[in-house]
Each structure stands twice: as structure tokens, then as C-alpha cells.
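K.L.:
Take a look at this one; I'll ask things after.
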Amino acid sequence: MALMPIAVVVVGVFLPAYPLRILDLVLLYAILGMGLNIVVGYAGLLDLGYVAFYAIGAYTYALLASPQFDLHLPFLLILAIGAGLAALAGVLLGIPVLRLRGDYLAIVTLGFGEIIRVLMNNLDWMTNGPQGIARIDEASLFGWRVSTPVDFLYLLVGLAVLTFLFVWRLQESALGTALAAVREDQDAARGCGIDTTGVKLIAFATSATIGGVGGVVFASMQRFVSPESFTFWESLSIVLVVVVGGLGNPFGVMLGAGLLVLVPELLRAYADYRQLLFGVALVLVILARPMGLIRREYGPSWFARKLMAR
Amino acid sequence: MLIFDHVTKRFGANVAIDDASLTIRPGVITAVIGPNGAGKSTLVNMAAGSFRATSGRILLDGVELQGLPKYKIARAGLSRTYQNIRLFDGLSVLQNLEVALVPRSLPTLIAQAFWLGPGAGAEVRDTCMAVLQRLGIAHLAERQAGSLAYGQQKIVELARAVAARPRAILLDEPAAGLNHGETDELKAHIQTLRGPELAIVLIEHDMRLIMSVSDDIYVMNRGAVLAHGNPEAIRDNPQVQEAYLGQPGAMGNIEAAARGRRNRVRLRAGEGLAWGQS
């Protein structure tokens, strides 16, 4: 398992700039997908507004490290602030909406995602509205300037490994058990003494935190943010990464991220039919493998057991 | 001790429970019987927090359960099984039990998930395995709960209900849908639950099961307690015979069942079924 990130780095270092950028994007989506997976895959709650937390992270970096307010805080500090703000937003959103289930929850979270985007679009004095914020600072980590795609490859691989370890641990911990119970039968979970609202709130907040971290990294990578990057389509893509790859399985999410970023790139040649082909491919995958390409039970723990047994 | 103190429940103009008072003592198995619509399930659902009584109190070891959210009622020590099994189908049998032992405090949960606190994993696992062992289903621990046979699922549900060491347990028609062999097995399991600390409530239609395991019986009719006493007294109570049993032919079955219990004679399969499945 430890070989995977090393392999990614080794391959990545020798890639030309364009494929390397795509690899970075795959990693970013994998991180976001693993974050969203806590809510969608572990707790079984459909969240269609995940992009909101991503946007909060991105704008946090854009506002605190750019000429906009002439603030130039260090990257790590902003990473913490962005994660914190996203977590806060997750809790604030979670408190009113977590009474809802299924479709209703999906609709409300979708609305929340749009609210954040519209807010960024209209708070001209702060965010420059639709023009976005440009000339964002280069990120630097303990004196290491993170600017080229290769630098970001290192950063993203590191973050992806951390995220992976974290979500794995979460899934295996008592919290993971509680979330699984909520997913399977919420009322029976309550009958077993699970504070369902409480554990769902934790899930929402941790998932939002990862989204916020992803947003900060995204802003530092693009060095430009605008509301356009945070549309509903973005939320949907991240949900698809999870659903296509494998609900509740970090490995699946990684595969999903790879496919959802790569396939549209490969279809670039067929410009006009790209979306159509992509859509057809998605429907086929979901029809053939409703639980995702890699099923829940073939997760990290299964893999670890297999390795041990050998 | 679980006490229903002058509990009344109205749904609109309908009186589902009419001033019912029941005392369920620890250490004994108390059956609540009565025809369909007598209010047995309403009683269970109120105690478990599905809805509140119109008036009256429900006390578990002196703690008022009314108005507590469901999960707090469970934490107060009341656990239950469901008429139509409600296991976490996608999880393993072991995980089903682990759910009942998830740490209660959210900070503890967070700490464990973030590697900060000590993970209690192994300890919880051992406790759950011990419960499975006691009920003779340890070999099913890794199986997916939803893939088990109906009778096995019933036992897993029983195991889940007792895993958290409750003070009182409500068994809502545990024998419904079981065949004779399975019912006998269930009977044995219910017997093993008996302990000085645990109050057991058995809501059942299967008279053979009731007469053979319960120590104390409440008979409900139209929401009110019609009679209360030990199995022999209930069997001989003419009011009960008239209100609940209806058909005269049914008496033989109760007598056979009650006699079976007294003499420790095992009933032949087929007896006692006449109105068990009506």
C-alpha cells in the first residue's frame, strides 16, 4: 500500500507539464472525494453542496494571501484557517439540515452550495464578484516554495496519504461504526443509543474540513479564484467520483477520481460529443456496478488483511 | 424495574391505552398478552420513545423516560427488539453488536477517530464475542447480518439488545414468523437472558412460548389491563378466557402448555398453535 504514493511520485516526476497537471488534478479530486465519502459513503447522506466548503477554503487563501487586502499570511496558517472555517460552515449547515433525510437533504445541501457561490459572486467589495481574485501568492511551506506542478505533486501526494490514513482510521473507529449504523437504519441506530444527530454533525464537519483543505490547495495551485470554479457541476463531479469509484471505499474514490478527470481529457478530441459520451459512460458504469467500481468491503482493511495473510 | 404508571394514550378520539399500570420487576420474565389492537405494541413504542403518552409516567429505575429522545432512553438502560427485524443488514453480525457499544460521548468518538484517545476496539470486540458465544452464534460473527436466515437474525437482534447490558429489555413478538424448532431455540435463549438485574418484557402471541417462559403475565384488552397474575392464575381467569381466548376450544392448548411448564414436560410440536397464529 505504501508503494502507491511512491509510484505516483516516480511516474509524475518524469511526466511533461500537461499530463502532470492532470495528475495533480486527479490527486486533488481524490482528496476531495475521500472527504465527501465520509458523508456520502460512510453515513449514507447525499450531500450535493460539497463545493461550498471547497469554495470557502479557496477564498480563504485568496483573501488572506493576495494583494486584495494586501494580506500575505503563511500558507500553513491559512490552511488551518481555511480548514477551520469550512468545519464551522459544516457545523452551521449541519445543525438545521441534519433532521432531513434522503432527497430533502440533497436539495438543501445543493441550495447551500449555490448560496455560497452566489455570495462570492455578489460580495464585490470582498471577492471582486465574477471577476474573481487574481495574483494570489505562491504557496510556501517551511521555506519550500510550492509553485511548479512537480512541487504540487509532492504536496498533493503528501496530503492524499494523510487524508487516506485519516479516513481509514475514521471508518475503523467507533465513529465509523456509528456512521455505518446511521446509514443502515437510522431509527434502529437511535434505539441502540447512538446520538445520530451528533455523529452526523461530526461527519459533516470532518468532511467539510477536508473540502476546505482541498480548496486552499486549489487556490494556491491556480493562483486565481472566481465563482465560476464552484458551480453545482463541481459538486456533482465530486459526488460522481465517490459513486462511480465505490461508495465508502477510499480505493474506489481514488479510481473514481482518476476516471472522472482522465476520461473527459481523453475525450477532448471529440469536442462536441464529449459530454454525451461521458454521460453514457457514467450511466453504463452505474448500471453495471451500482455499488461503484470497487465495492465497500474491498477497502483498506481488507487489503491490509490480505497483505498480512501472505 | 420498569413501571408504567397510569399511562393513557389517545390518538385523536381513539383511546389506545386506557389508564394502564404495569410493574415489570428485574429478574423475572413478564409477558404482556392480548388480542390484536389491545395496545401491547403501543405500550412498547411509548417506552422506547417513539411517541409520548397523553398522560401518566413511564419510569425505569426511577428515571422518567417520557420526553427523552430515543437514544437517551437506550442509554438509560432500555433496549428492545422489533416486530419486523431491524438489523443493520449491510454490517457483519459482530458490527451489529458493536453499534450498541459505541462510546456515548461525542468527544471520545472524535478523539478515537483522530488517533488521540485509546481505541477500545479489542475490548468491545471481546465483549460482543462473549455475548454471541452465550447465545451460541459466535460462528456467525463475520457473516453479513442481512444474509442470515430469519431465525438467526432474530437471535442476532436479541444479542444486540443485550450487548449493552440494559436494565430492561422489550421483546416485541420475538417468535413471530418462527417455526417450532426455532421457537424452542428462542425460548432457551430468552431463559438464558434471565438475570437478577434485568427486567424482561415479552410481548407475544405464541401462547406455548408465553406459558412456558413467563413468570408474570399482564393481559390487555382494549388498552386496559384486564388481568395480572402468574400463568396458572391467568389460565384459570374466566374474564381472560372470555375476552381474549374467545373460542372455547383454545383452552385445551393453554392448559397443555401450562401443564407442560409445571411438569417440565416438553410439548409435542403442533400443540398450542391453534390461536398462536390467529
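Residue names in the C-alpha cells use chain letters A, B, ... in the order shown, residue numbers from 1 in each chain, and ligand numbers from 1 in the order shown.
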Just want the 7 Å neighbourhood of region 149-160 of chain B, counted on only C-alpha atoms, with same-chain residues fewer than 5 positions away dropped. Output as an MDAnalysis selection string.

P.N.:
chainID B and resid 81 85 87 93 96:97 100 131:132 174 178 182

K.L.:
Considering only C-alpha atoms, tabulate each residue of chain B that lies at most 6 Å from chain A along with its nearest interatomic pair and the corresponding distance in Å to one decimal; arrange the rows by chain and ascending residue number and present them as a Markdown table.

P.N.:
| residue | atom | partner | partner_atom | distance |
| --- | --- | --- | --- | --- |
| B:Lys70 | CA | A:Arg190 | CA | 5.8 |
| B:Tyr71 | CA | A:Gly193 | CA | 4.0 |
| B:Ala74 | CA | A:Gly193 | CA | 4.8 |
| B:Arg75 | CA | A:Gly193 | CA | 5.3 |
| B:Phe88 | CA | A:Glu184 | CA | 5.2 |
| B:Ala100 | CA | A:Cys192 | CA | 4.9 |
| B:Val102 | CA | A:Ala174 | CA | 5.6 |
| B:Leu109 | CA | A:Leu175 | CA | 5.5 |
| B:Ala113 | CA | A:Leu170 | CA | 4.6 |

K.L.:
From region 98-247 of chain A, collect each residue whose DSSP state is strand (DSSP E) and return the set as a list of chain:residue names.

P.N.:
A:Ala139, A:Ser140, A:Leu141, A:Trp144, A:Arg145, A:Val146

K.L.:
Name the residues in contact with region 54-56 of chain B at a cut-off of 12 Å, using only C-alpha atoms, excluding same-chain residues fewer than 2 positions from it; report them as a VMD selection string.

P.N.:
chain B and resid 3 to 12 14 to 22 43 46 to 47 51 to 52 58 to 59 64 to 67

K.L.:
Write the selection just made, keeping C-alpha atoms, as a CSV table (one decimal), in the first residue's frame?

P.N.:
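Output saved as selection-v6.csv:
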chain,number,residue,atom,x,y,z
B,3,ILE,CA,-43.0,0.9,35.7
B,4,PHE,CA,-45.9,2.1,33.6
B,5,ASP,CA,-47.8,4.4,36.0
B,6,HIS,CA,-51.4,5.2,34.9
B,7,VAL,CA,-50.5,5.6,31.3
B,8,THR,CA,-53.1,6.8,28.8
B,9,LYS,CA,-52.6,7.3,25.2
B,10,ARG,CA,-55.1,8.8,22.8
B,11,PHE,CA,-54.8,9.1,19.1
B,12,GLY,CA,-57.5,11.6,18.3
B,14,ASN,CA,-59.2,6.7,19.8
B,15,VAL,CA,-58.0,5.5,23.2
B,16,ALA,CA,-55.1,3.2,22.5
B,17,ILE,CA,-54.0,2.8,26.1
B,18,ASP,CA,-56.5,3.4,28.9
B,19,ASP,CA,-55.0,4.1,32.3
B,20,ALA,CA,-52.7,1.1,32.2
B,21,SER,CA,-50.4,0.4,35.2
B,22,LEU,CA,-47.8,-2.3,34.9
B,43,LEU,CA,-47.0,0.3,25.2
B,46,MET,CA,-44.1,4.6,24.1
B,47,ALA,CA,-41.5,3.2,26.5
B,51,PHE,CA,-44.2,8.8,20.9
B,52,ARG,CA,-45.3,10.3,24.2
B,58,ILE,CA,-43.0,5.5,32.4
B,59,LEU,CA,-40.2,5.0,34.9
B,64,GLU,CA,-38.8,9.2,33.8
B,65,LEU,CA,-38.4,8.1,30.2
B,66,GLN,CA,-41.1,10.3,28.8
B,67,GLY,CA,-39.8,13.1,26.7

K.L.:
What is the distance, in Å and to one decimal place, between CA of Val161 (chain A) and CA of Ala2 (chain A)?

P.N.:
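Distance reported for this atom pair: 9.0 Å.
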
K.L.:
Can you tell me, as a list in words, what residues are no more than 8 Å from region 86-93 of chain A when counting only C-alpha atoms, ignoring any on the same chain fewer than 2 positions away?

P.N.:
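Listed by chain and then number, they are Phe53, Tyr54, Ile56, Gly57, Gly82, Ala83, Gly84, Ile95, Pro96, Val97, Phe112, Leu201, Ile202, Phe204, Ala205, Thr206, Ser207, Ala208, Thr209, Gly211 and Gly212 of chain A.
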
K.L.:
Name all residues at most 8 Å from Gln239 (chain B) (count only C-alpha atoms; drop same-chain ones fewer than 3 positions away) and give them as a PyMOL selection string.

P.N.:
chain B and resi 226+242-243

K.L.:
Check the DSSP output for the backbone and give back, as number ranges by chain, the residues of region 30-223 of chain B in alpha helix (DSSP H).

P.N.:
B: 40-47, 70-76, 93-100, 106-113, 121-134, 150-163, 180-193, 207-213

K.L.:
Within 9 Å of Arg21 (chain A), counting only C-alpha atoms, which residues show up once you throw out same-chain ones fewer than 4 positions away? Write them as number ranges by chain, please.

P.N.:
A: 16-17, 25-26, 149-150, 152-153
